[in-house]
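Visitor: Contents of data17.cif (mmCIF, C-alpha atoms) are given next:
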data_structure
#
loop_
_atom_site.label_atom_id
_atom_site.label_comp_id
_atom_site.auth_asym_id
_atom_site.auth_seq_id
_atom_site.Cartn_x
_atom_site.Cartn_y
_atom_site.Cartn_z
CA MET A 64 7.25 54.69 -48.46
CA GLU A 65 4.48 55.75 -50.80
CA ASP A 66 1.14 54.11 -50.36
CA LYS A 67 0.54 51.35 -52.91
CA THR A 68 -2.91 52.71 -53.72
CA GLN A 69 -1.47 56.11 -54.63
CA GLU A 70 1.19 54.44 -56.77
CA MET A 71 -1.42 52.46 -58.67
CA GLU A 72 -3.59 55.55 -59.08
CA ARG A 73 -0.66 57.47 -60.59
CA ILE A 74 0.07 54.64 -63.03
CA GLN A 75 -3.61 54.58 -64.01
CA GLU A 76 -3.64 58.36 -64.47
CA LEU A 77 -0.57 58.26 -66.74
CA LEU A 78 -2.17 55.44 -68.72
CA ASP A 79 -5.51 57.22 -69.09
CA ASN A 80 -3.83 60.48 -70.17
CA ARG A 81 -1.51 58.64 -72.56
CA HIS A 82 1.63 60.02 -70.96
CA TYR A 83 3.58 57.02 -72.21
CA VAL A 84 7.09 58.39 -71.80
CA ALA A 85 6.46 59.19 -68.13
CA LEU A 86 4.71 55.85 -67.73
CA ILE A 87 7.70 53.92 -69.10
CA ALA A 88 10.04 55.80 -66.76
CA GLU A 89 7.75 55.19 -63.78
CA LEU A 90 7.47 51.45 -64.42
CA ALA A 91 11.22 51.07 -65.00
CA GLU A 92 11.93 52.45 -61.50
CA MET A 93 9.48 50.16 -59.74
CA ASN A 94 10.15 46.86 -58.02
CA ALA A 95 9.19 43.80 -60.08
CA VAL A 96 6.85 42.58 -57.33
CA ASP A 97 4.93 45.88 -57.36
CA VAL A 98 4.69 45.89 -61.16
CA ALA A 99 3.34 42.32 -61.13
CA GLU A 100 0.74 43.37 -58.55
CA ILE A 101 -0.36 46.29 -60.75
CA LEU A 102 -0.63 44.09 -63.85
CA ASP A 103 -2.61 41.53 -61.89
CA LYS A 104 -5.25 44.14 -61.08
CA GLU A 105 -5.51 45.60 -64.62
CA ASN A 106 -7.80 44.28 -67.34
CA ALA A 107 -6.20 42.01 -69.94
CA ALA A 108 -5.70 44.71 -72.60
CA ASN A 109 -4.09 47.24 -70.24
CA ALA A 110 -1.95 44.56 -68.58
CA VAL A 111 -0.45 43.46 -71.92
CA PHE A 112 0.02 47.09 -72.96
CA LEU A 113 1.89 47.93 -69.72
CA PHE A 114 3.92 44.73 -69.92
CA ARG A 115 5.18 45.68 -73.39
CA MET A 116 6.52 48.94 -71.96
CA LEU A 117 8.82 47.20 -69.48
CA PRO A 118 12.58 46.89 -70.07
CA LYS A 119 13.55 43.37 -71.13
CA ASP A 120 15.20 42.31 -67.87
CA LEU A 121 12.39 43.75 -65.73
CA ALA A 122 9.78 42.13 -68.00
CA ALA A 123 11.29 38.70 -67.33
CA GLU A 124 11.27 39.26 -63.55
CA VAL A 125 7.67 40.46 -63.64
CA PHE A 126 6.60 37.59 -65.87
CA ALA A 127 7.97 35.03 -63.40
CA LEU A 128 5.88 36.62 -60.62
CA LEU A 129 2.56 36.58 -62.46
CA SER A 130 -0.12 33.96 -61.83
CA SER A 131 -0.24 31.05 -64.29
CA GLU A 132 -3.50 32.43 -65.68
CA GLN A 133 -1.88 35.81 -66.41
CA GLN A 134 1.19 34.15 -67.90
CA SER A 135 -0.97 32.06 -70.21
CA ALA A 136 -2.90 35.18 -71.30
CA PHE A 137 0.34 37.07 -71.97
CA ILE A 138 1.85 34.23 -74.02
CA SER A 139 -1.30 34.16 -76.16
CA SER A 140 -1.22 37.96 -76.62
CA ILE A 141 2.44 38.73 -77.31
CA THR A 142 4.39 37.86 -80.43
CA ASP A 143 7.17 35.29 -80.77
CA LYS A 144 9.61 38.17 -81.16
CA GLU A 145 8.55 39.51 -77.75
CA LEU A 146 8.40 36.10 -76.06
CA GLY A 147 11.90 34.99 -77.07
CA PRO A 148 13.84 37.62 -75.07
CA ILE A 149 11.62 37.02 -72.02
CA LEU A 150 12.39 33.29 -72.09
CA ASP A 151 16.09 34.10 -72.50
CA GLU A 152 16.02 36.24 -69.34
CA LEU A 153 13.94 33.78 -67.26
CA ALA A 154 15.72 31.41 -64.89
CA PHE A 155 15.73 27.89 -66.29
CA ASP A 156 13.68 26.45 -63.42
CA ASP A 157 11.05 29.15 -64.04
CA VAL A 158 10.84 28.06 -67.68
CA VAL A 159 10.35 24.44 -66.61
CA ASP A 160 7.62 25.48 -64.15
CA LEU A 161 6.02 27.49 -66.95
CA VAL A 162 5.92 24.48 -69.27
CA GLU A 163 4.44 22.30 -66.51
CA GLU A 164 1.58 24.71 -65.78
CA MET A 165 0.65 26.09 -69.21
CA PRO A 166 -2.00 24.70 -71.59
CA ALA A 167 -0.82 22.81 -74.67
CA ASN A 168 -0.98 25.75 -77.11
CA ALA A 169 1.12 27.93 -74.79
CA VAL A 170 3.64 25.11 -74.26
CA ARG A 171 4.08 24.75 -78.03
CA LYS A 172 4.77 28.48 -78.30
CA ILE A 173 7.30 28.35 -75.43
CA LEU A 174 9.19 25.38 -76.87
CA ALA A 175 9.16 26.93 -80.35
CA ASN A 176 10.94 29.99 -78.93
CA SER A 177 13.50 27.97 -76.94
CA GLY A 178 16.84 26.82 -78.27
CA GLU A 179 17.40 23.18 -79.20
CA GLU A 180 19.66 22.53 -76.21
CA GLU A 181 17.19 24.17 -73.84
CA ARG A 182 14.31 22.10 -75.25
CA LYS A 183 16.28 18.91 -74.54
CA LEU A 184 16.96 20.04 -70.97
CA ILE A 185 13.31 20.99 -70.42
CA ASN A 186 12.18 17.55 -71.59
CA GLN A 187 14.77 15.94 -69.31
CA PHE A 188 13.58 17.92 -66.29
CA LEU A 189 9.94 17.10 -67.01
CA LYS A 190 10.76 13.39 -66.58
CA TYR A 191 11.53 13.83 -62.87
CA PRO A 192 8.67 12.98 -60.46
CA PRO A 193 6.56 16.08 -59.64
CA ASP A 194 7.48 16.16 -55.93
CA SER A 195 11.16 15.25 -56.29
CA ALA A 196 14.35 17.25 -55.86
CA GLY A 197 14.88 17.00 -59.63
CA SER A 198 11.67 18.88 -60.31
CA LEU A 199 12.77 21.75 -58.02
CA MET A 200 16.35 22.27 -59.17
CA THR A 201 17.89 24.69 -61.63
CA ILE A 202 20.98 24.18 -63.80
CA GLU A 203 22.12 27.77 -63.33
CA TYR A 204 24.98 27.31 -60.86
CA VAL A 205 28.70 28.11 -60.81
CA SER A 206 30.91 25.08 -61.39
CA LEU A 207 34.66 25.33 -60.78
CA LYS A 208 37.66 22.99 -61.15
CA LYS A 209 40.22 22.16 -58.47
CA THR A 210 43.05 23.15 -60.81
CA MET A 211 41.79 26.73 -61.13
CA THR A 212 43.48 29.56 -59.28
CA VAL A 213 41.37 31.95 -57.23
CA LYS A 214 41.91 34.65 -59.90
CA GLN A 215 40.70 32.34 -62.66
CA ALA A 216 37.65 31.39 -60.58
CA LEU A 217 36.71 35.02 -59.89
CA ASP A 218 37.18 35.93 -63.56
CA TYR A 219 34.91 33.04 -64.52
CA ILE A 220 32.27 34.14 -61.99
CA ARG A 221 32.38 37.71 -63.36
CA GLU A 222 31.95 36.38 -66.88
CA THR A 223 29.06 33.99 -66.20
CA GLY A 224 27.60 35.11 -62.87
CA LEU A 225 24.75 37.22 -64.27
CA LYS A 226 23.15 34.09 -65.72
CA LYS A 227 23.45 32.06 -62.52
CA GLU A 228 20.80 31.59 -59.85
CA THR A 229 23.38 32.21 -57.11
CA ILE A 230 27.12 32.89 -56.98
CA TYR A 231 27.54 32.86 -53.19
CA THR A 232 28.23 29.13 -53.17
CA CYS A 233 30.29 27.59 -55.99
CA TYR A 234 30.56 23.88 -56.71
CA VAL A 235 33.80 22.06 -57.45
CA THR A 236 33.46 19.22 -59.97
CA ASP A 237 35.84 16.97 -61.90
CA ALA A 238 35.98 16.41 -65.66
CA ASN A 239 32.95 14.08 -65.44
CA ARG A 240 30.88 16.62 -63.44
CA VAL A 241 31.20 14.51 -60.26
CA LEU A 242 30.67 16.73 -57.22
CA GLU A 243 33.91 17.04 -55.24
CA GLY A 244 33.07 19.87 -52.85
CA ILE A 245 32.05 23.51 -52.42
CA VAL A 246 33.72 26.87 -51.99
CA SER A 247 32.02 30.11 -50.95
CA LEU A 248 32.42 33.43 -52.72
CA LYS A 249 33.64 34.88 -49.40
CA GLU A 250 36.53 32.38 -49.32
CA LEU A 251 37.43 33.19 -52.93
CA VAL A 252 37.45 36.95 -52.33
CA LEU A 253 39.60 36.64 -49.18
CA ALA A 254 42.11 34.11 -50.59
CA PRO A 255 45.32 35.08 -52.44
CA GLU A 256 44.80 35.33 -56.22
CA GLN A 257 47.29 32.55 -57.05
CA GLU A 258 45.94 30.11 -54.47
CA LEU A 259 44.55 26.93 -56.02
CA ILE A 260 40.88 26.04 -55.46
CA GLU A 261 42.16 22.61 -54.43
CA ASN A 262 43.64 24.15 -51.28
CA ILE A 263 40.59 26.11 -50.08
CA PHE A 264 37.47 24.16 -51.07
CA GLU A 265 35.52 21.95 -48.64
CA SER A 266 35.42 18.35 -49.80
CA GLU A 267 32.69 17.42 -47.32
CA CYS A 268 29.38 18.78 -48.52
CA ILE A 269 25.73 17.84 -48.12
CA TYR A 270 23.68 17.06 -51.20
CA VAL A 271 20.43 15.39 -52.26
CA ASN A 272 19.59 12.99 -55.06
CA THR A 273 17.41 13.94 -58.02
CA HIS A 274 14.71 11.46 -56.92
CA ASP A 275 14.66 12.43 -53.23
CA ASP A 276 11.25 13.62 -52.06
CA GLN A 277 10.81 17.38 -51.71
CA GLU A 278 9.93 16.96 -48.02
CA SER A 279 13.41 15.57 -47.34
CA VAL A 280 14.85 18.55 -49.22
CA ILE A 281 12.90 20.91 -46.95
CA THR A 282 14.23 19.04 -43.90
CA VAL A 283 17.84 19.53 -45.05
CA PHE A 284 17.30 23.27 -45.65
CA LYS A 285 15.74 23.69 -42.22
CA LYS A 286 18.44 21.74 -40.46
CA TYR A 287 21.46 23.41 -42.05
CA ALA A 288 20.01 26.84 -43.00
CA PHE A 289 21.41 26.59 -46.52
CA LEU A 290 20.93 29.19 -49.24
CA ALA A 291 21.44 26.54 -51.93
CA LEU A 292 21.75 22.76 -52.03
CA PRO A 293 23.44 20.65 -54.75
CA VAL A 294 21.46 17.89 -56.49
CA VAL A 295 23.31 14.85 -57.86
CA ASP A 296 22.40 11.69 -59.76
CA ALA A 297 23.16 8.08 -58.83
CA GLU A 298 26.82 8.53 -59.93
CA LYS A 299 27.13 11.69 -57.81
CA ARG A 300 27.32 13.86 -60.91
CA LEU A 301 26.16 17.40 -60.23
CA ILE A 302 22.86 17.91 -62.09
CA GLY A 303 21.63 21.16 -60.54
CA ILE A 304 21.00 23.12 -57.37
CA ILE A 305 17.94 23.99 -55.31
CA THR A 306 17.79 27.52 -53.90
CA VAL A 307 16.08 28.62 -50.71
CA ASP A 308 13.43 30.68 -52.55
CA ASP A 309 12.23 27.56 -54.37
CA VAL A 310 12.09 25.67 -51.08
CA MET A 311 10.02 28.46 -49.50
CA ASP A 312 7.51 28.09 -52.34
CA VAL A 313 7.31 24.35 -51.70
CA MET A 314 6.90 24.90 -47.94
CA GLU A 315 3.98 27.23 -48.61
CA GLN A 316 2.50 24.70 -51.02
CA GLU A 317 2.90 21.84 -48.51
CA ALA A 318 1.43 23.91 -45.68
CA THR A 319 -1.57 24.87 -47.84
CA GLU A 320 -2.09 21.26 -48.85
CA ASP A 321 -1.96 20.05 -45.23
CA PHE A 322 -4.33 22.82 -44.18
CA GLN A 323 -6.84 21.75 -46.84
CA ILE A 324 -6.56 18.07 -45.94
CA MET A 325 -6.95 18.86 -42.23
CA ALA A 326 -10.12 20.76 -43.11
CA ALA A 327 -11.45 17.68 -44.93
CA MET A 328 -10.95 19.03 -48.46
CA GLN A 329 -9.22 17.66 -51.54
CA PRO A 330 -5.97 19.64 -52.03
CA SER A 331 -5.93 22.17 -54.87
CA GLU A 332 -3.34 24.70 -56.03
CA ASP A 333 -5.93 26.87 -57.77
CA ALA A 334 -6.61 30.33 -56.33
CA TYR A 335 -9.95 30.49 -54.52
CA LEU A 336 -11.35 33.47 -56.45
CA ASN A 337 -10.27 32.00 -59.79
CA THR A 338 -11.82 28.58 -59.18
CA GLY A 339 -15.34 27.73 -60.29
CA VAL A 340 -18.11 26.86 -57.84
CA PHE A 341 -18.52 23.31 -59.17
CA LYS A 342 -14.79 22.62 -58.93
CA LEU A 343 -14.67 23.87 -55.34
CA ALA A 344 -17.72 21.76 -54.51
CA LYS A 345 -16.07 18.70 -56.07
CA HIS A 346 -13.02 19.20 -53.84
CA ARG A 347 -15.19 19.26 -50.72
CA ILE A 348 -18.00 16.79 -51.32
CA GLY A 349 -15.88 13.63 -51.18
CA TRP A 350 -14.68 14.04 -47.60
CA LEU A 351 -18.02 15.43 -46.44
CA MET A 352 -19.80 12.41 -47.92
CA LEU A 353 -17.36 10.01 -46.25
CA LEU A 354 -17.63 11.75 -42.88
CA MET A 355 -21.42 11.94 -43.14
CA VAL A 356 -21.70 8.22 -43.84
CA SER A 357 -19.26 7.38 -41.03
CA GLU A 358 -21.26 9.54 -38.62
CA THR A 359 -24.28 7.30 -39.24
CA PHE A 360 -22.50 4.77 -37.03
CA THR A 361 -22.93 7.27 -34.20
CA GLY A 362 -26.66 7.21 -34.85
CA LYS A 363 -26.63 3.42 -34.83
CA ILE A 364 -24.94 3.42 -31.42
CA ILE A 365 -27.57 5.80 -29.98
CA GLU A 366 -30.31 3.67 -31.55
CA HIS A 367 -28.83 0.56 -29.93
CA TYR A 368 -29.12 2.17 -26.48
CA THR A 369 -32.62 3.59 -26.98
CA GLU A 370 -34.01 1.66 -23.99
CA LEU A 371 -31.33 3.05 -21.69
CA LEU A 372 -32.02 6.59 -22.87
CA ALA A 373 -35.77 6.10 -22.55
CA THR A 374 -35.30 4.98 -18.94
CA LEU A 375 -32.93 7.83 -18.07
CA THR A 376 -33.55 10.68 -20.51
CA ILE A 377 -31.24 12.86 -18.43
CA LEU A 378 -28.30 11.04 -20.05
CA THR A 379 -29.19 12.57 -23.43
CA SER A 380 -28.30 16.11 -22.34
CA PHE A 381 -24.63 15.17 -21.82
CA ILE A 382 -24.08 13.54 -25.24
CA PRO A 383 -23.10 16.73 -27.18
CA MET A 384 -20.63 17.80 -24.48
CA LEU A 385 -18.96 14.38 -24.34
CA MET A 386 -18.64 14.09 -28.11
CA ASP A 387 -17.32 17.63 -28.54
CA THR A 388 -14.80 17.33 -25.71
CA GLY A 389 -13.52 14.02 -27.04
CA GLY A 390 -13.21 15.37 -30.58
CA ASN A 391 -11.43 18.51 -29.41
CA SER A 392 -9.03 16.49 -27.28
CA GLY A 393 -8.12 14.26 -30.21
CA SER A 394 -7.69 17.24 -32.53
CA GLN A 395 -5.28 18.92 -30.10
CA SER A 396 -3.00 15.88 -30.08
CA SER A 397 -3.21 15.18 -33.81
CA THR A 398 -2.40 18.80 -34.69
CA LEU A 399 0.77 18.79 -32.58
CA ILE A 400 1.92 15.38 -33.86
CA ILE A 401 1.22 16.29 -37.50
CA ARG A 402 3.28 19.44 -37.09
CA GLY A 403 6.06 17.49 -35.36
CA LEU A 404 6.17 14.99 -38.23
CA ALA A 405 6.19 17.80 -40.80
CA THR A 406 9.10 19.63 -39.16
CA GLY A 407 11.06 16.45 -38.47
CA GLU A 408 10.86 16.94 -34.71
CA ILE A 409 9.02 13.61 -34.39
CA GLN A 410 10.18 10.47 -36.20
CA LEU A 411 8.41 7.15 -36.74
CA ARG A 412 10.66 5.53 -34.14
CA ASP A 413 9.31 7.95 -31.52
CA TRP A 414 5.84 6.35 -31.42
CA ALA A 415 6.45 4.84 -27.94
CA LYS A 416 7.56 8.23 -26.56
CA VAL A 417 4.45 9.84 -28.07
CA LEU A 418 2.27 7.10 -26.56
CA TRP A 419 3.74 7.53 -23.08
CA LYS A 420 3.58 11.32 -23.16
CA GLU A 421 0.02 11.50 -24.53
CA LEU A 422 -1.12 8.89 -22.00
CA ARG A 423 0.13 11.00 -19.07
CA ILE A 424 -1.33 14.20 -20.56
CA ALA A 425 -4.64 12.44 -21.21
CA ILE A 426 -4.95 11.10 -17.67
CA LEU A 427 -4.12 14.51 -16.18
CA VAL A 428 -6.43 16.50 -18.48
CA GLY A 429 -9.19 13.87 -18.41
CA SER A 430 -9.15 13.70 -14.61
CA LEU A 431 -9.42 17.48 -14.27
CA LEU A 432 -12.24 17.67 -16.82
CA GLY A 433 -14.04 14.69 -15.27
CA PHE A 434 -13.81 16.12 -11.76
CA THR A 435 -15.00 19.53 -12.96
CA ILE A 436 -18.06 18.16 -14.75
CA PHE A 437 -18.89 15.94 -11.75
CA VAL A 438 -18.81 18.95 -9.39
CA LYS A 439 -20.89 21.06 -11.74
CA SER A 440 -23.41 18.33 -12.48
CA PHE A 441 -23.90 17.11 -8.89
CA PHE A 442 -23.38 20.20 -6.74
CA LEU A 443 -24.51 23.02 -9.06
CA ASP A 444 -27.06 21.35 -11.36
CA GLY A 445 -28.43 18.91 -8.79
CA LYS A 446 -28.10 15.82 -10.98
CA PRO A 447 -28.07 12.36 -9.31
CA VAL A 448 -24.66 11.37 -8.01
CA LEU A 449 -24.41 8.22 -10.16
CA VAL A 450 -25.36 10.14 -13.31
CA SER A 451 -22.74 12.77 -12.51
CA ALA A 452 -20.17 10.06 -11.80
CA SER A 453 -21.01 8.34 -15.12
CA VAL A 454 -20.38 11.57 -17.03
CA GLY A 455 -17.16 12.30 -15.12
CA LEU A 456 -15.73 8.81 -15.64
CA THR A 457 -16.73 8.86 -19.30
CA LEU A 458 -14.80 12.10 -19.79
CA VAL A 459 -11.68 10.57 -18.24
CA VAL A 460 -11.83 7.51 -20.51
CA THR A 461 -12.91 9.44 -23.61
CA VAL A 462 -10.19 12.07 -23.32
CA THR A 463 -7.60 9.35 -22.76
CA ILE A 464 -8.70 7.39 -25.83
CA ALA A 465 -9.04 10.56 -27.92
CA LYS A 466 -5.55 11.82 -27.12
CA LEU A 467 -3.94 8.44 -27.74
CA THR A 468 -5.83 8.13 -31.03
CA GLY A 469 -4.94 11.68 -32.07
CA GLY A 470 -1.30 11.11 -31.16
CA LEU A 471 -0.76 7.74 -32.81
CA LEU A 472 -2.92 7.80 -35.95
CA PRO A 473 -0.77 10.43 -37.75
CA ILE A 474 2.32 8.31 -37.03
CA LEU A 475 0.50 5.25 -38.40
CA ALA A 476 -0.44 7.24 -41.52
CA LYS A 477 3.22 8.23 -42.00
CA LYS A 478 4.25 4.59 -41.58
CA LEU A 479 1.76 3.59 -44.30
CA ARG A 480 3.20 6.34 -46.56
CA MET A 481 0.02 8.39 -46.30
CA ASP A 482 -0.18 12.12 -45.54
CA PRO A 483 -0.44 12.45 -41.72
CA ALA A 484 -2.73 15.46 -42.25
CA ILE A 485 -5.47 12.99 -43.23
CA MET A 486 -5.63 12.01 -39.56
CA ALA A 487 -6.68 15.50 -38.52
CA GLY A 488 -9.72 17.09 -36.88
CA PRO A 489 -12.69 15.78 -38.90
CA LEU A 490 -11.56 12.14 -39.06
CA ILE A 491 -10.34 12.02 -35.46
CA THR A 492 -13.61 13.61 -34.30
CA THR A 493 -15.66 11.05 -36.21
CA ILE A 494 -13.77 8.15 -34.63
CA VAL A 495 -13.84 9.61 -31.13
CA ASP A 496 -17.57 10.43 -31.36
CA ALA A 497 -18.41 6.76 -31.78
CA VAL A 498 -15.97 5.65 -29.08
CA SER A 499 -17.19 8.23 -26.55
CA LEU A 500 -20.82 7.13 -26.95
CA ILE A 501 -19.99 3.46 -26.48
CA VAL A 502 -17.92 4.27 -23.36
CA TYR A 503 -20.66 6.55 -22.01
CA PHE A 504 -23.46 4.04 -22.36
CA LYS A 505 -21.35 1.17 -21.02
CA ILE A 506 -20.34 3.12 -17.91
CA ALA A 507 -23.84 4.49 -17.38
CA GLY A 508 -25.36 1.03 -17.80
CA PHE A 509 -22.89 -0.45 -15.31
CA LEU A 510 -23.37 2.24 -12.61
CA LEU A 511 -27.09 2.87 -12.96
CA PHE A 512 -28.48 -0.64 -13.49
#
For the structure just supplied, provide its representation as structure tokens.
Guide:
Amino acid sequence: MEDKTQEMERIQELLDNRHYVALIAELAEMNAVDVAEILDKENAANAVFLFRMLPKDLAAEVFALLSSEQQSAFISSITDKELGPILDELAFDDVVDLVEEMPANAVRKILANSGEEERKLINQFLKYPPDSAGSLMTIEYVSLKKTMTVKQALDYIRETGLKKETIYTCYVTDANRVLEGIVSLKELVLAPEQELIENIFESECIYVNTHDDQESVITVFKKYAFLALPVVDAEKRLIGIITVDDVMDVMEQEATEDFQIMAAMQPSEDAYLNTGVFKLAKHRIGWLMLLMVSETFTGKIIEHYTELLATLTILTSFIPMLMDTGGNSGSQSSTLIIRGLATGEIQLRDWAKVLWKELRIAILVGSLLGFTIFVKSFFLDGKPVLVSASVGLTLVVTVTIAKLTGGLLPILAKKLRMDPAIMAGPLITTIVDAVSLIVYFKIAGFLLF
């Protein structure tokens, strides 16, 4: 396979030397993903110029792959005559996504170049909640009737299939569009031509409702390894389908959002390099301010035990280690539980199992850590035995509390309909820091005085 850099250099050379015929031929043979990557790296004028050279069907594919910023720039630069065919070739769900993301002037241009029926459908789709199954689906599916023969069904697929998102799974509906079952293209191809669809379709099929949350849609795709999933309304009328490529986009979006929340940032879909400094700062300052203020409680705890620390200053040297170990222990548990909740491996009803498991892990890990620090402090560092014992016991208690907190808080967040990712590293660490200090000073005060 040719190196991408060489490919881009050749395109640039043809563009610079105005070898437009060769350039058109070169672009027409390329994969849409590679063309979109080239356009993304070109300046605005060259990108629009190259885009206009693409064949109509390839132009639509490339357009769907561009960033929203590039799409907006293209819509502003090309004429209505050029935009119309692109919108005709785009999948309907891509058009809806386009309308959702574009500025008002671009939206007006898109709607002006859409047919009346399509405008009505777009407005209908925009009414679905942003994170619902309805917002993910497309209307480009193959719908068959039970009374059709296999030959009639295949003829219909040949006639309409090019405009459909997928033809591998076909949906059987009645006269009122009520979903009755599914039939695969494989079954149609292998069945006798005069066989009725009624005799070969599967009446039992899994579907989701238009208002189901996108996370439940992801769960269904993961569980059953579907390529497409039907979406119905309250009357079980087939409204659209969700394809696996759309679900993969949502999974990436959800993972990015959780990653940002776990890093104590406000979620954002904007690309890092295309986002302004002030906007990035705004996304970060809120959590940092909250965590900073909450950490002042740690200072208050230390201030409260000033006399104890003044009497035994040696206790001060262990504070960073205790706080860090406790925070890390809590983060380990919360990360695993958050992932388990996200994948569906852990349910809300499993809280008691999580409690019991994390308790046993915490006691085992805490005891090993406590014993290790006692040996190091007493035998290697020569610290007093009671000081070493205080640190060791504190580690046992702190790790136990940290792991229970890290294990149960994400489940509590899920129960309260909050994102479990909120209960990740920074917040868990802040809570455990305060707890570990209180435990440390209480144990030290009890053993040493």
Visitor: Separation of CA of Ser453 in chain A and CA of Leu472 in chain A, in Å?
Guide: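 Calculated distance between CA of Ser453 in chain A and CA of Leu472 in chain A is 27.6 Å.
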Visitor: How many Å separate CA of Val84 in chain A from CA of Thr142 in chain A?
Guide: 22.4 Å
Visitor: Evaluating the PyMOL selection byres ((chain A and resi 399) around 12) on the displayed file yields which residues, as a PyMOL selection string?
Guide: chain A and resi 392-398+400-406+408-409+417+421+466+469-471+473-474+483-484+486-488
Visitor: For the residues in that selection, give me C-alpha atoms as a CSV table (one decimal), keeping the file's coordinate frame.
Guide:
chain,number,residue,atom,x,y,z
A,392,SER,CA,-9.0,16.5,-27.3
A,393,GLY,CA,-8.1,14.3,-30.2
A,394,SER,CA,-7.7,17.2,-32.5
A,395,GLN,CA,-5.3,18.9,-30.1
A,396,SER,CA,-3.0,15.9,-30.1
A,397,SER,CA,-3.2,15.2,-33.8
A,398,THR,CA,-2.4,18.8,-34.7
A,400,ILE,CA,1.9,15.4,-33.9
A,401,ILE,CA,1.2,16.3,-37.5
A,402,ARG,CA,3.3,19.4,-37.1
A,403,GLY,CA,6.1,17.5,-35.4
A,404,LEU,CA,6.2,15.0,-38.2
A,405,ALA,CA,6.2,17.8,-40.8
A,406,THR,CA,9.1,19.6,-39.2
A,408,GLU,CA,10.9,16.9,-34.7
A,409,ILE,CA,9.0,13.6,-34.4
A,417,VAL,CA,4.4,9.8,-28.1
A,421,GLU,CA,0.0,11.5,-24.5
A,466,LYS,CA,-5.6,11.8,-27.1
A,469,GLY,CA,-4.9,11.7,-32.1
A,470,GLY,CA,-1.3,11.1,-31.2
A,471,LEU,CA,-0.8,7.7,-32.8
A,473,PRO,CA,-0.8,10.4,-37.8
A,474,ILE,CA,2.3,8.3,-37.0
A,483,PRO,CA,-0.4,12.4,-41.7
A,484,ALA,CA,-2.7,15.5,-42.2
A,486,MET,CA,-5.6,12.0,-39.6
A,487,ALA,CA,-6.7,15.5,-38.5
A,488,GLY,CA,-9.7,17.1,-36.9
Visitor: Given only C-alpha atoms as the basis, pick out the residue of A:Glu320, A:Glu179, A:Asp160, A:Glu124 nearest to Ala99 in chain A.
Guide: A:Glu124
Visitor: Between A:Ile101, A:Gly197, A:Arg115, A:Ile173, which one has atoms that come closest to Gln69 in chain A, using all atoms listed in the file?
Guide: A:Ile101
Visitor: Show me the residues around (24.4, 15.6, -54.0) - criterion: an atom at most 10 Å away, only C-alpha atoms counted - as a PDB file with C-alpha atoms, in the coordinates of the input.
Guide:
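Saved as selection_9.pdb:
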ATOM      1  CA  VAL A 241      31.200  14.510 -60.260  1.00  0.00           C
ATOM      2  CA  LEU A 242      30.670  16.730 -57.220  1.00  0.00           C
ATOM      3  CA  GLU A 243      33.910  17.040 -55.240  1.00  0.00           C
ATOM      4  CA  GLY A 244      33.070  19.870 -52.850  1.00  0.00           C
ATOM      5  CA  CYS A 268      29.380  18.780 -48.520  1.00  0.00           C
ATOM      6  CA  ILE A 269      25.730  17.840 -48.120  1.00  0.00           C
ATOM      7  CA  TYR A 270      23.680  17.060 -51.200  1.00  0.00           C
ATOM      8  CA  VAL A 271      20.430  15.390 -52.260  1.00  0.00           C
ATOM      9  CA  ASN A 272      19.590  12.990 -55.060  1.00  0.00           C
ATOM     10  CA  THR A 273      17.410  13.940 -58.020  1.00  0.00           C
ATOM     11  CA  LEU A 292      21.750  22.760 -52.030  1.00  0.00           C
ATOM     12  CA  PRO A 293      23.440  20.650 -54.750  1.00  0.00           C
ATOM     13  CA  VAL A 294      21.460  17.890 -56.490  1.00  0.00           C
ATOM     14  CA  VAL A 295      23.310  14.850 -57.860  1.00  0.00           C
ATOM     15  CA  ASP A 296      22.400  11.690 -59.760  1.00  0.00           C
ATOM     16  CA  ALA A 297      23.160   8.080 -58.830  1.00  0.00           C
ATOM     17  CA  GLU A 298      26.820   8.530 -59.930  1.00  0.00           C
ATOM     18  CA  LYS A 299      27.130  11.690 -57.810  1.00  0.00           C
ATOM     19  CA  ARG A 300      27.320  13.860 -60.910  1.00  0.00           C
ATOM     20  CA  LEU A 301      26.160  17.400 -60.230  1.00  0.00           C
ATOM     21  CA  ILE A 302      22.860  17.910 -62.090  1.00  0.00           C
ATOM     22  CA  GLY A 303      21.630  21.160 -60.540  1.00  0.00           C
ATOM     23  CA  ILE A 304      21.000  23.120 -57.370  1.00  0.00           C
TER      24      ILE A 304
END
Visitor: Within 10 Å of Tyr503 in chain A, counting only C-alpha atoms, which residues show up once you throw out same-chain ones fewer than 6 positions away? Write them as a list in words, please.
Guide: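 Everything that qualifies: Leu378, Phe381, Ile382, Leu385, Met386, Ser453, Val454, Gly455, Leu456, Thr457, Leu458, Val460, Thr461 and Phe509 of chain A.
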Visitor: Any idea what the distance is between CA of Glu152 in chain A and CA of Glu317 in chain A?
Guide: 28.5 Å
Visitor: Report as a VMD selection string the residues that result from applying the PyMOL selection byres ((chain A and resi 209) around 10) to the structure here.
Guide: chain A and resid 207 to 208 210 to 213 216 234 to 237 243 to 244 259 to 264
Visitor: Counting all atoms listed in the file, figure out which residue out of A:Asp218, A:Glu203, A:Asp194, A:Glu256 gets nearest to Thr232 in chain A.
Guide: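 Among the listed residues, A:Glu203 lies closest to Thr232 in chain A.
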Visitor: At a cut-off of 12 Å, using all atoms listed in the file, what residues contact Glu70 in chain A? Leave out same-chain residues fewer than 2 positions from it and give the result as a PyMOL selection string.
Guide: chain A and resi 64-68+72-77+86+89-90+92-94+97-98+100-101
